[in-house]
Amino acid sequence: MPILYLLQPKAVLSKKQEAFKVAIGQEDGSWSKRVVPAQTIEQIVLMGHPTVTGEALTYALDLGISVHYLSIFGKYLGSALPGYSRNGRLRLAQYALYCNESDRLNCIKPIVRTKIRNQAAIISRREGNAKSLKTYAKQVKTMDSLDRLRGIEGIAARDYFASLGELFDPVWNFNGRNRRPPADPVNALLSFGYSLLQVQVTAAVHLAGLDPYVGFLHEPNRGQPALVLDLMEEFRPLVADRLALSLIHLKTLKPENFSTSLGSCRLSDSARKDFLKAFEDKMNEEFSHPVFQYRCTYRRAIELQARLFARHLLEDIPYQPLYLR
């Protein structure tokens with residue numbers, strides 16, 4: 001597995017020679033220990049409050065391994081990333097595009113349009129609802145300002161999640177998207193999936209040499225990684241939404257796998273492990289890339305899209321978001 005997940009608060013990640021040592025506290029007071037060869041890991045994800053020694057953290061960064069932090073509820077908190085790319089010309093092109101509102105609008109329209117088309121593909125069994133989303137996708141081309149573009153994206157999202165609710169059994173009590181914190185099991189799954197997706201896109205943006213904090217649809221406010229959120233949009237329906245639907249329809253997860261505390265719904269520890277395994281399986285799922293015409297995984301596709309976006313900035317080649325029927 002290219003990603004090492006540490007989910008237990010009572011866990012310690014340290015360095016042992018050319019490997020990482022994972023120690024997990026047991027209920028009887030003992031410690032379960034294992035060694036993970038460093039060359040088998042591409043990323044580390046820490047959820048909750050596990051302990052990472054300074055030696056392990058610096059060793060990971062020295063090897064080019066990103067370390068990502070999620071809250072105990074699965075919310076993305078931030079990342080420790082290896083040294084930034086020295087591609088100054090790419091960064092300057094990114095900043096120049098941000099400062100040109102017309103070019104910025106034209107750059108982001110295909111991403112919004114593709115996100116809506118991917119959403120329509122998910123609810124295609126509800127023909128009337130899918131048709132309205134396809135109409136919104138067409139209207140994206142006519143938007144003449146960023147505010148209007150965000151407006152049509154918001155309307156499409158509202159209708160999409162309302163339609164998505166029709167695909168779930170009423171026992172799941174899903175009445176639309178809510179977050180901060182998620183109040184029901186479906187929203188808990190979606191939020192967790194989006195956080196894990198953000199980890200993947202953050203790593204891809206970093207590898208491509210882009211500035212994660214300067215985006216074009218999302219504003220660089222409150223320190224949010226605006227470009228990461230931009231490039232996540234086309235993948236939200238393809239990865240997180242499809243995964244949540246699949247796990248529920250296959251009854252891999254059930255309502256009793258969730259608990260609610262202080263208005264926040266979360267997965268049980270055992271169900272969280274099932275979700276992470278399913279997410280990894282999804283990341284490794286292969287499909288035919290519509291641009292390159294060869295088979296690749298979703299993990300590879302996320303990296304490819306970040307590199308295509310960088311190429312768009314440097315060479316003015318139109319960026320083609322990932323749309324899968």
# chains A, B, ... in the order shown; residues from 1 in each chain; ligands from 1
call {"tool": "residues_around", "arguments": {"residues": "Ile3 in chain A", "least_positions_apart": "3", "cutoff": "8 Å", "atoms": "only C-alpha atoms", "output": "PyMOL selection string"}}
result
chain A and resi 41-45
call {"tool": "write_last_selection", "arguments": {"atoms": "all heavy atoms", "output": "compact mmCIF listing (two decimals), in the first residue's frame"}}
result
# COMPACT_ATOMS: atom_id res chain seq x y z
N ILE A 41 6.42 3.30 0.84
CA ILE A 41 5.44 4.33 1.20
C ILE A 41 5.60 5.56 0.33
O ILE A 41 6.72 6.01 0.07
CB ILE A 41 5.61 4.73 2.68
CG1 ILE A 41 5.36 3.54 3.60
CG2 ILE A 41 4.66 5.87 3.05
CD1 ILE A 41 5.64 3.84 5.05
N GLU A 42 4.50 6.11 -0.12
CA GLU A 42 4.50 7.36 -0.87
C GLU A 42 3.94 8.52 -0.04
O GLU A 42 4.33 9.66 -0.22
CB GLU A 42 3.69 7.22 -2.15
CG GLU A 42 4.29 6.23 -3.15
CD GLU A 42 3.44 6.10 -4.40
OE1 GLU A 42 2.43 6.83 -4.52
OE2 GLU A 42 3.76 5.25 -5.24
N GLN A 43 3.00 8.20 0.85
CA GLN A 43 2.38 9.22 1.68
C GLN A 43 2.04 8.63 3.05
O GLN A 43 1.89 7.42 3.19
CB GLN A 43 1.09 9.76 1.05
CG GLN A 43 1.27 10.40 -0.33
CD GLN A 43 -0.06 10.84 -0.90
OE1 GLN A 43 -0.77 11.66 -0.32
NE2 GLN A 43 -0.41 10.31 -2.06
N ILE A 44 1.91 9.51 4.05
CA ILE A 44 1.49 9.11 5.39
C ILE A 44 0.29 9.95 5.77
O ILE A 44 0.31 11.18 5.61
CB ILE A 44 2.62 9.30 6.42
CG1 ILE A 44 3.82 8.42 6.08
CG2 ILE A 44 2.13 9.00 7.84
CD1 ILE A 44 5.06 8.70 6.93
N VAL A 45 -0.78 9.30 6.24
CA VAL A 45 -1.98 10.01 6.68
C VAL A 45 -2.20 9.71 8.16
O VAL A 45 -2.30 8.55 8.57
CB VAL A 45 -3.21 9.57 5.86
CG1 VAL A 45 -4.48 10.24 6.41
CG2 VAL A 45 -3.03 9.94 4.39
call {"tool": "residues_around", "arguments": {"residues": "Val67 in chain A", "least_positions_apart": "2", "cutoff": "10 Å", "atoms": "only C-alpha atoms", "output": "number ranges by chain"}}
result
A: 3-4, 42-46, 57, 60-61, 64-65, 69, 78-82, 199, 203
call {"tool": "write_last_selection", "arguments": {"atoms": "C-alpha atoms", "output": "PDB file, in the first residue's frame"}}
result
ATOM      1  CA  ILE A   3      -0.192   5.179   1.824  1.00  0.00           C
ATOM      2  CA  LEU A   4       0.433   4.462   5.496  1.00  0.00           C
ATOM      3  CA  GLU A  42       4.505   7.361  -0.867  1.00  0.00           C
ATOM      4  CA  GLN A  43       2.379   9.222   1.683  1.00  0.00           C
ATOM      5  CA  ILE A  44       1.493   9.107   5.391  1.00  0.00           C
ATOM      6  CA  VAL A  45      -1.981  10.006   6.675  1.00  0.00           C
ATOM      7  CA  LEU A  46      -2.474  10.669  10.396  1.00  0.00           C
ATOM      8  CA  LEU A  57       8.890  13.420  10.241  1.00  0.00           C
ATOM      9  CA  ALA A  60       9.763  11.269   5.601  1.00  0.00           C
ATOM     10  CA  LEU A  61      10.241  14.757   4.180  1.00  0.00           C
ATOM     11  CA  GLY A  64       9.884  13.091  -0.487  1.00  0.00           C
ATOM     12  CA  ILE A  65       7.040  11.529   1.515  1.00  0.00           C
ATOM     13  CA  TYR A  69      -3.228  15.374   9.030  1.00  0.00           C
ATOM     14  CA  GLY A  78      -3.124  20.260   6.659  1.00  0.00           C
ATOM     15  CA  SER A  79       0.038  18.659   5.339  1.00  0.00           C
ATOM     16  CA  ALA A  80       3.779  18.605   5.854  1.00  0.00           C
ATOM     17  CA  LEU A  81       5.204  18.587   2.334  1.00  0.00           C
ATOM     18  CA  PRO A  82       8.746  18.086   1.009  1.00  0.00           C
ATOM     19  CA  VAL A 199      -4.851  14.525   0.422  1.00  0.00           C
ATOM     20  CA  ALA A 203       0.251  15.743  -3.198  1.00  0.00           C
TER      21      ALA A 203
END
call {"tool": "residues_around", "arguments": {"residues": "Gly223 in chain A", "least_positions_apart": "4", "cutoff": "10 Å", "atoms": "only C-alpha atoms", "output": "ChimeraX atom specification"}}
result
/A:213-214,219
call {"tool": "write_last_selection", "arguments": {"atoms": "N, CA, C and O atoms", "output": "PDB file, in the first residue's frame"}}
result
ATOM      1  N   TYR A 213      -2.161  27.342  -2.879  1.00  0.00           N
ATOM      2  CA  TYR A 213      -3.007  28.342  -2.219  1.00  0.00           C
ATOM      3  C   TYR A 213      -3.574  29.401  -3.159  1.00  0.00           C
ATOM      4  O   TYR A 213      -4.366  30.234  -2.739  1.00  0.00           O
ATOM      5  N   VAL A 214      -3.181  29.376  -4.421  1.00  0.00           N
ATOM      6  CA  VAL A 214      -3.690  30.357  -5.381  1.00  0.00           C
ATOM      7  C   VAL A 214      -4.529  29.640  -6.420  1.00  0.00           C
ATOM      8  O   VAL A 214      -4.012  28.986  -7.327  1.00  0.00           O
ATOM      9  N   GLU A 219     -11.482  31.341  -3.797  1.00  0.00           N
ATOM     10  CA  GLU A 219     -10.624  32.469  -3.451  1.00  0.00           C
ATOM     11  C   GLU A 219      -9.602  32.032  -2.400  1.00  0.00           C
ATOM     12  O   GLU A 219      -9.892  31.176  -1.556  1.00  0.00           O
TER      13      GLU A 219
END
call {"tool": "select_by_dssp", "arguments": {"residues": "range 41-145 of chain A", "states": "strand (DSSP E)", "output": "list of chain:residue names"}}
result
A:Gln43, A:Ile44, A:Val45, A:Leu46, A:Met47, A:Thr51, A:Val52, A:Ser66, A:Val67, A:His68, A:Tyr69, A:Leu70, A:Tyr76, A:Leu77, A:Gly78, A:Ser79, A:Ala80
call {"tool": "select_by_dssp", "arguments": {"residues": "range 93-145 of chain A", "states": "helix (DSSP H, G or I)", "output": "ChimeraX atom specification"}}
result
/A:93-99,101-122,127-142
call {"tool": "closest_residue", "arguments": {"among": "A:Gln8, A:Gln17, A:Asn106, A:Asn118", "to": "Arg242 in chain A", "atoms": "only C-alpha atoms"}}
result
A:Asn118
call {"tool": "closest_residue", "arguments": {"among": "A:Ala23, A:Ala240, A:Val205, A:Leu245", "to": "Leu190 in chain A", "atoms": "only C-alpha atoms"}}
result
A:Ala240
call {"tool": "residues_around", "arguments": {"residues": "Met143 in chain A", "least_positions_apart": "6", "cutoff": "10 Å", "atoms": "only C-alpha atoms", "output": "MDAnalysis selection string"}}
result
chainID A and resid 105:106 109 149:152
call {"tool": "write_last_selection", "arguments": {"atoms": "N, CA, C and O atoms", "output": "CSV table (one decimal), in the first residue's frame"}}
result
chain,number,residue,atom,x,y,z
A,105,LEU,N,-11.6,33.3,-15.6
A,105,LEU,CA,-13.0,32.8,-15.8
A,105,LEU,C,-12.9,31.7,-16.9
A,105,LEU,O,-13.5,30.7,-16.7
A,106,ASN,N,-12.3,32.0,-18.0
A,106,ASN,CA,-12.2,31.0,-19.1
A,106,ASN,C,-11.5,29.8,-18.7
A,106,ASN,O,-11.8,28.7,-19.2
A,109,LYS,N,-14.0,27.6,-16.3
A,109,LYS,CA,-15.3,27.2,-16.8
A,109,LYS,C,-15.3,25.7,-17.1
A,109,LYS,O,-16.3,25.0,-16.8
A,149,LEU,N,-20.7,32.4,-12.4
A,149,LEU,CA,-20.2,31.0,-12.5
A,149,LEU,C,-20.4,30.3,-11.2
A,149,LEU,O,-20.9,29.1,-11.2
A,150,ARG,N,-20.0,30.9,-10.1
A,150,ARG,CA,-20.1,30.3,-8.8
A,150,ARG,C,-21.6,30.1,-8.5
A,150,ARG,O,-22.0,29.1,-7.8
A,151,GLY,N,-22.5,31.0,-8.9
A,151,GLY,CA,-23.9,30.9,-8.7
A,151,GLY,C,-24.5,29.7,-9.4
A,151,GLY,O,-25.2,28.9,-8.8
A,152,ILE,N,-24.2,29.4,-10.7
A,152,ILE,CA,-24.7,28.3,-11.4
A,152,ILE,C,-24.1,27.0,-10.8
A,152,ILE,O,-24.8,25.9,-10.7
call {"tool": "closest_residue", "arguments": {"among": "A:Lys138, A:Asp269, A:Tyr76, A:Lys282", "to": "Cys296 in chain A", "atoms": "only C-alpha atoms"}}
result
A:Lys282
call {"tool": "closest_atom_pairs", "arguments": {"of": "range 136-238 of chain A", "to": "range 113-117 of chain A", "cutoff": "12 Å", "atoms": "only C-alpha atoms", "output": "Markdown table"}}
result
| residue | atom | partner | partner_atom | distance |
| --- | --- | --- | --- | --- |
| A:Tyr136 | CA | A:Ile116 | CA | 7.5 |
| A:Ala137 | CA | A:Arg113 | CA | 4.8 |
| A:Lys138 | CA | A:Arg113 | CA | 7.3 |
| A:Gln139 | CA | A:Arg113 | CA | 8.6 |
| A:Val140 | CA | A:Arg113 | CA | 6.1 |
| A:Lys141 | CA | A:Arg113 | CA | 8.0 |
| A:Thr142 | CA | A:Arg113 | CA | 11.1 |
| A:Met143 | CA | A:Arg113 | CA | 11.0 |
| A:Leu149 | CA | A:Arg113 | CA | 9.7 |
| A:Arg150 | CA | A:Arg113 | CA | 11.2 |
| A:Ile152 | CA | A:Arg113 | CA | 9.8 |
| A:Glu153 | CA | A:Ile116 | CA | 7.6 |
| A:Gly154 | CA | A:Ile116 | CA | 10.2 |
| A:Ile155 | CA | A:Ile116 | CA | 10.4 |
| A:Ala156 | CA | A:Ile116 | CA | 6.8 |
| A:Ala157 | CA | A:Ile116 | CA | 7.8 |
| A:Arg158 | CA | A:Ile116 | CA | 11.1 |
| A:Asp159 | CA | A:Ile116 | CA | 10.5 |
| A:Tyr160 | CA | A:Ile116 | CA | 8.5 |
| A:Phe161 | CA | A:Ile116 | CA | 11.5 |
| A:Asp230 | CA | A:Lys115 | CA | 10.3 |
| A:Leu231 | CA | A:Lys115 | CA | 10.0 |
| A:Met232 | CA | A:Lys115 | CA | 9.3 |
| A:Glu233 | CA | A:Lys115 | CA | 5.8 |
| A:Glu234 | CA | A:Lys115 | CA | 4.4 |
| A:Phe235 | CA | A:Lys115 | CA | 7.5 |
| A:Arg236 | CA | A:Lys115 | CA | 7.8 |
| A:Pro237 | CA | A:Lys115 | CA | 7.2 |
| A:Leu238 | CA | A:Lys115 | CA | 8.9 |
call {"tool": "residues_around", "arguments": {"residues": "Pro181 in chain A", "least_positions_apart": "3", "cutoff": "12 Å", "atoms": "only C-alpha atoms", "output": "PyMOL selection string"}}
result
chain A and resi 71-75+177-178+184-185+187-192+260-266
call {"tool": "atom_distance", "arguments": {"atom1": "CA of Gly193 in chain A", "atom2": "CA of Val171 in chain A"}}
result
20.8 Å
call {"tool": "atom_distance", "arguments": {"atom1": "CA of Lys254 in chain A", "atom2": "CA of Phe174 in chain A"}}
result
13.4 Å
call {"tool": "atom_distance", "arguments": {"atom1": "CA of Lys277 in chain A", "atom2": "CA of Gln119 in chain A"}}
result
23.9 Å
call {"tool": "residues_around", "arguments": {"residues": "His218 in chain A", "least_positions_apart": "2", "cutoff": "10 Å", "atoms": "only C-alpha atoms", "output": "PDB file with N, CA and C atoms, in the first residue's frame"}}
result
ATOM      1  N   ILE A 108     -11.449  28.386 -15.668  1.00  0.00           N
ATOM      2  CA  ILE A 108     -12.166  27.583 -14.677  1.00  0.00           C
ATOM      3  C   ILE A 108     -13.500  27.055 -15.196  1.00  0.00           C
ATOM      4  N   LEU A 146     -17.160  35.615 -12.572  1.00  0.00           N
ATOM      5  CA  LEU A 146     -16.879  34.549 -11.611  1.00  0.00           C
ATOM      6  C   LEU A 146     -18.040  34.356 -10.638  1.00  0.00           C
ATOM      7  N   ARG A 150     -19.980  30.904 -10.100  1.00  0.00           N
ATOM      8  CA  ARG A 150     -20.148  30.261  -8.793  1.00  0.00           C
ATOM      9  C   ARG A 150     -21.629  30.060  -8.479  1.00  0.00           C
ATOM     10  N   TYR A 213      -2.161  27.342  -2.879  1.00  0.00           N
ATOM     11  CA  TYR A 213      -3.007  28.342  -2.219  1.00  0.00           C
ATOM     12  C   TYR A 213      -3.574  29.401  -3.159  1.00  0.00           C
ATOM     13  N   VAL A 214      -3.181  29.376  -4.421  1.00  0.00           N
ATOM     14  CA  VAL A 214      -3.690  30.357  -5.381  1.00  0.00           C
ATOM     15  C   VAL A 214      -4.529  29.640  -6.420  1.00  0.00           C
ATOM     16  N   GLY A 215      -5.857  29.744  -6.265  1.00  0.00           N
ATOM     17  CA  GLY A 215      -6.780  29.086  -7.168  1.00  0.00           C
ATOM     18  C   GLY A 215      -7.559  30.089  -7.986  1.00  0.00           C
ATOM     19  N   PHE A 216      -8.570  29.605  -8.688  1.00  0.00           N
ATOM     20  CA  PHE A 216      -9.276  30.446  -9.645  1.00  0.00           C
ATOM     21  C   PHE A 216     -10.793  30.425  -9.452  1.00  0.00           C
ATOM     22  N   PRO A 220      -8.410  32.621  -2.440  1.00  0.00           N
ATOM     23  CA  PRO A 220      -7.371  32.269  -1.454  1.00  0.00           C
ATOM     24  C   PRO A 220      -7.624  32.960  -0.116  1.00  0.00           C
ATOM     25  N   ASN A 221      -8.738  32.617   0.511  1.00  0.00           N
ATOM     26  CA  ASN A 221      -9.107  33.221   1.789  1.00  0.00           C
ATOM     27  C   ASN A 221      -8.833  32.268   2.944  1.00  0.00           C
ATOM     28  N   GLN A 224      -7.000  28.776   2.892  1.00  0.00           N
ATOM     29  CA  GLN A 224      -7.455  27.535   2.269  1.00  0.00           C
ATOM     30  C   GLN A 224      -6.671  27.268   0.981  1.00  0.00           C
ATOM     31  N   PRO A 225      -6.374  26.003   0.691  1.00  0.00           N
ATOM     32  CA  PRO A 225      -5.622  25.652  -0.526  1.00  0.00           C
ATOM     33  C   PRO A 225      -6.529  25.748  -1.744  1.00  0.00           C
ATOM     34  N   ALA A 226      -6.695  26.947  -2.263  1.00  0.00           N
ATOM     35  CA  ALA A 226      -7.708  27.216  -3.279  1.00  0.00           C
ATOM     36  C   ALA A 226      -7.520  26.399  -4.551  1.00  0.00           C
ATOM     37  N   LEU A 227      -6.278  26.249  -5.024  1.00  0.00           N
ATOM     38  CA  LEU A 227      -6.068  25.483  -6.255  1.00  0.00           C
ATOM     39  C   LEU A 227      -6.371  24.007  -6.032  1.00  0.00           C
ATOM     40  N   VAL A 228      -6.020  23.494  -4.870  1.00  0.00           N
ATOM     41  CA  VAL A 228      -6.342  22.095  -4.551  1.00  0.00           C
ATOM     42  C   VAL A 228      -7.855  21.889  -4.608  1.00  0.00           C
ATOM     43  N   LEU A 229      -8.608  22.818  -4.021  1.00  0.00           N
ATOM     44  CA  LEU A 229     -10.069  22.711  -4.037  1.00  0.00           C
ATOM     45  C   LEU A 229     -10.607  22.823  -5.459  1.00  0.00           C
ATOM     46  N   ASP A 230      -9.980  23.665  -6.293  1.00  0.00           N
ATOM     47  CA  ASP A 230     -10.395  23.775  -7.699  1.00  0.00           C
ATOM     48  C   ASP A 230     -10.246  22.437  -8.425  1.00  0.00           C
TER      49      ASP A 230
END
call {"tool": "residues_around", "arguments": {"residues": "Leu6 in chain A", "least_positions_apart": "5", "cutoff": "9 Å", "atoms": "only C-alpha atoms", "output": "list in words"}}
result
Ala11, Val12, Leu13, Val22, Ile44, Val45, Leu46, Met47, Gly48 and Pro50 of chain A
call {"tool": "write_last_selection", "arguments": {"atoms": "C-alpha atoms", "output": "JSON list (two decimals), in the first residue's frame"}}
result
[["chain", "number", "residue", "atom", "x", "y", "z"],
["A", 11, "ALA", "CA", -0.05, 5.23, 18.23],
["A", 12, "VAL", "CA", 3.55, 6.27, 17.72],
["A", 13, "LEU", "CA", 5.40, 6.58, 14.42],
["A", 22, "VAL", "CA", 4.65, 1.81, 14.10],
["A", 44, "ILE", "CA", 1.49, 9.11, 5.39],
["A", 45, "VAL", "CA", -1.98, 10.01, 6.68],
["A", 46, "LEU", "CA", -2.47, 10.67, 10.40],
["A", 47, "MET", "CA", -6.01, 10.75, 11.75],
["A", 48, "GLY", "CA", -6.79, 11.97, 15.25],
["A", 50, "PRO", "CA", -1.11, 9.81, 16.87]]
call {"tool": "closest_residue", "arguments": {"among": "A:Phe20, A:Pro321, A:Ala278, A:His49", "to": "Val35 in chain A", "atoms": "only C-alpha atoms"}}
result
A:Phe20
call {"tool": "closest_residue", "arguments": {"among": "A:Ala96, A:Leu133, A:Val52, A:Leu253", "to": "Ser163 in chain A", "atoms": "only C-alpha atoms"}}
result
A:Leu133
call {"tool": "decode", "arguments": {"residues": "range 196-226 of chain A", "atoms": "N, CA and C atoms", "output": "PDB file, in the first residue's frame"}}
result
ATOM      1  N   LEU A 196     -10.013  12.676   2.159  1.00  0.00           N
ATOM      2  CA  LEU A 196      -9.005  11.777   1.597  1.00  0.00           C
ATOM      3  C   LEU A 196      -8.654  12.169   0.165  1.00  0.00           C
ATOM      4  N   LEU A 197      -9.640  12.625  -0.582  1.00  0.00           N
ATOM      5  CA  LEU A 197      -9.389  13.102  -1.939  1.00  0.00           C
ATOM      6  C   LEU A 197      -8.495  14.342  -1.907  1.00  0.00           C
ATOM      7  N   GLN A 198      -8.723  15.210  -0.936  1.00  0.00           N
ATOM      8  CA  GLN A 198      -7.902  16.416  -0.816  1.00  0.00           C
ATOM      9  C   GLN A 198      -6.442  16.053  -0.555  1.00  0.00           C
ATOM     10  N   VAL A 199      -6.219  14.999   0.197  1.00  0.00           N
ATOM     11  CA  VAL A 199      -4.851  14.525   0.422  1.00  0.00           C
ATOM     12  C   VAL A 199      -4.184  14.187  -0.907  1.00  0.00           C
ATOM     13  N   GLN A 200      -4.904  13.456  -1.763  1.00  0.00           N
ATOM     14  CA  GLN A 200      -4.341  13.038  -3.048  1.00  0.00           C
ATOM     15  C   GLN A 200      -4.073  14.228  -3.971  1.00  0.00           C
ATOM     16  N   VAL A 201      -5.009  15.157  -4.027  1.00  0.00           N
ATOM     17  CA  VAL A 201      -4.842  16.313  -4.913  1.00  0.00           C
ATOM     18  C   VAL A 201      -3.744  17.230  -4.388  1.00  0.00           C
ATOM     19  N   THR A 202      -3.633  17.389  -3.078  1.00  0.00           N
ATOM     20  CA  THR A 202      -2.561  18.197  -2.497  1.00  0.00           C
ATOM     21  C   THR A 202      -1.202  17.658  -2.909  1.00  0.00           C
ATOM     22  N   ALA A 203      -1.022  16.351  -2.808  1.00  0.00           N
ATOM     23  CA  ALA A 203       0.251  15.743  -3.198  1.00  0.00           C
ATOM     24  C   ALA A 203       0.525  15.950  -4.686  1.00  0.00           C
ATOM     25  N   ALA A 204      -0.508  15.808  -5.528  1.00  0.00           N
ATOM     26  CA  ALA A 204      -0.344  15.972  -6.979  1.00  0.00           C
ATOM     27  C   ALA A 204       0.017  17.408  -7.348  1.00  0.00           C
ATOM     28  N   VAL A 205      -0.646  18.362  -6.724  1.00  0.00           N
ATOM     29  CA  VAL A 205      -0.357  19.782  -6.976  1.00  0.00           C
ATOM     30  C   VAL A 205       1.085  20.108  -6.587  1.00  0.00           C
ATOM     31  N   HIS A 206       1.502  19.551  -5.469  1.00  0.00           N
ATOM     32  CA  HIS A 206       2.874  19.779  -5.014  1.00  0.00           C
ATOM     33  C   HIS A 206       3.876  19.191  -6.004  1.00  0.00           C
ATOM     34  N   LEU A 207       3.631  17.963  -6.464  1.00  0.00           N
ATOM     35  CA  LEU A 207       4.541  17.318  -7.409  1.00  0.00           C
ATOM     36  C   LEU A 207       4.622  18.082  -8.730  1.00  0.00           C
ATOM     37  N   ALA A 208       3.509  18.695  -9.126  1.00  0.00           N
ATOM     38  CA  ALA A 208       3.486  19.452 -10.387  1.00  0.00           C
ATOM     39  C   ALA A 208       4.184  20.795 -10.272  1.00  0.00           C
ATOM     40  N   GLY A 209       4.490  21.225  -9.044  1.00  0.00           N
ATOM     41  CA  GLY A 209       5.183  22.491  -8.847  1.00  0.00           C
ATOM     42  C   GLY A 209       4.272  23.690  -8.754  1.00  0.00           C
ATOM     43  N   LEU A 210       2.974  23.457  -8.562  1.00  0.00           N
ATOM     44  CA  LEU A 210       2.001  24.548  -8.476  1.00  0.00           C
ATOM     45  C   LEU A 210       1.888  25.070  -7.050  1.00  0.00           C
ATOM     46  N   ASP A 211       1.407  26.295  -6.924  1.00  0.00           N
ATOM     47  CA  ASP A 211       1.132  26.873  -5.609  1.00  0.00           C
ATOM     48  C   ASP A 211      -0.259  26.431  -5.186  1.00  0.00           C
ATOM     49  N   PRO A 212      -0.400  25.618  -4.134  1.00  0.00           N
ATOM     50  CA  PRO A 212      -1.718  25.102  -3.760  1.00  0.00           C
ATOM     51  C   PRO A 212      -2.681  26.164  -3.242  1.00  0.00           C
ATOM     52  N   TYR A 213      -2.161  27.342  -2.879  1.00  0.00           N
ATOM     53  CA  TYR A 213      -3.007  28.342  -2.219  1.00  0.00           C
ATOM     54  C   TYR A 213      -3.574  29.401  -3.159  1.00  0.00           C
ATOM     55  N   VAL A 214      -3.181  29.376  -4.421  1.00  0.00           N
ATOM     56  CA  VAL A 214      -3.690  30.357  -5.381  1.00  0.00           C
ATOM     57  C   VAL A 214      -4.529  29.640  -6.420  1.00  0.00           C
ATOM     58  N   GLY A 215      -5.857  29.744  -6.265  1.00  0.00           N
ATOM     59  CA  GLY A 215      -6.780  29.086  -7.168  1.00  0.00           C
ATOM     60  C   GLY A 215      -7.559  30.089  -7.986  1.00  0.00           C
ATOM     61  N   PHE A 216      -8.570  29.605  -8.688  1.00  0.00           N
ATOM     62  CA  PHE A 216      -9.276  30.446  -9.645  1.00  0.00           C
ATOM     63  C   PHE A 216     -10.793  30.425  -9.452  1.00  0.00           C
ATOM     64  N   LEU A 217     -11.346  29.317  -9.023  1.00  0.00           N
ATOM     65  CA  LEU A 217     -12.751  29.276  -8.649  1.00  0.00           C
ATOM     66  C   LEU A 217     -12.892  29.625  -7.169  1.00  0.00           C
ATOM     67  N   HIS A 218     -12.084  28.986  -6.341  1.00  0.00           N
ATOM     68  CA  HIS A 218     -12.059  29.283  -4.910  1.00  0.00           C
ATOM     69  C   HIS A 218     -11.090  30.432  -4.657  1.00  0.00           C
ATOM     70  N   GLU A 219     -11.482  31.341  -3.797  1.00  0.00           N
ATOM     71  CA  GLU A 219     -10.624  32.469  -3.451  1.00  0.00           C
ATOM     72  C   GLU A 219      -9.602  32.032  -2.400  1.00  0.00           C
ATOM     73  N   PRO A 220      -8.410  32.621  -2.440  1.00  0.00           N
ATOM     74  CA  PRO A 220      -7.371  32.269  -1.454  1.00  0.00           C
ATOM     75  C   PRO A 220      -7.624  32.960  -0.116  1.00  0.00           C
ATOM     76  N   ASN A 221      -8.738  32.617   0.511  1.00  0.00           N
ATOM     77  CA  ASN A 221      -9.107  33.221   1.789  1.00  0.00           C
ATOM     78  C   ASN A 221      -8.833  32.268   2.944  1.00  0.00           C
ATOM     79  N   ARG A 222      -8.549  32.811   4.086  1.00  0.00           N
ATOM     80  CA  ARG A 222      -8.406  32.049   5.332  1.00  0.00           C
ATOM     81  C   ARG A 222      -7.415  30.896   5.191  1.00  0.00           C
ATOM     82  N   GLY A 223      -6.429  31.084   4.333  1.00  0.00           N
ATOM     83  CA  GLY A 223      -5.390  30.080   4.209  1.00  0.00           C
ATOM     84  C   GLY A 223      -5.825  28.793   3.547  1.00  0.00           C
ATOM     85  N   GLN A 224      -7.000  28.776   2.892  1.00  0.00           N
ATOM     86  CA  GLN A 224      -7.455  27.535   2.269  1.00  0.00           C
ATOM     87  C   GLN A 224      -6.671  27.268   0.981  1.00  0.00           C
ATOM     88  N   PRO A 225      -6.374  26.003   0.691  1.00  0.00           N
ATOM     89  CA  PRO A 225      -5.622  25.652  -0.526  1.00  0.00           C
ATOM     90  C   PRO A 225      -6.529  25.748  -1.744  1.00  0.00           C
ATOM     91  N   ALA A 226      -6.695  26.947  -2.263  1.00  0.00           N
ATOM     92  CA  ALA A 226      -7.708  27.216  -3.279  1.00  0.00           C
ATOM     93  C   ALA A 226      -7.520  26.399  -4.551  1.00  0.00           C
TER      94      ALA A 226
END
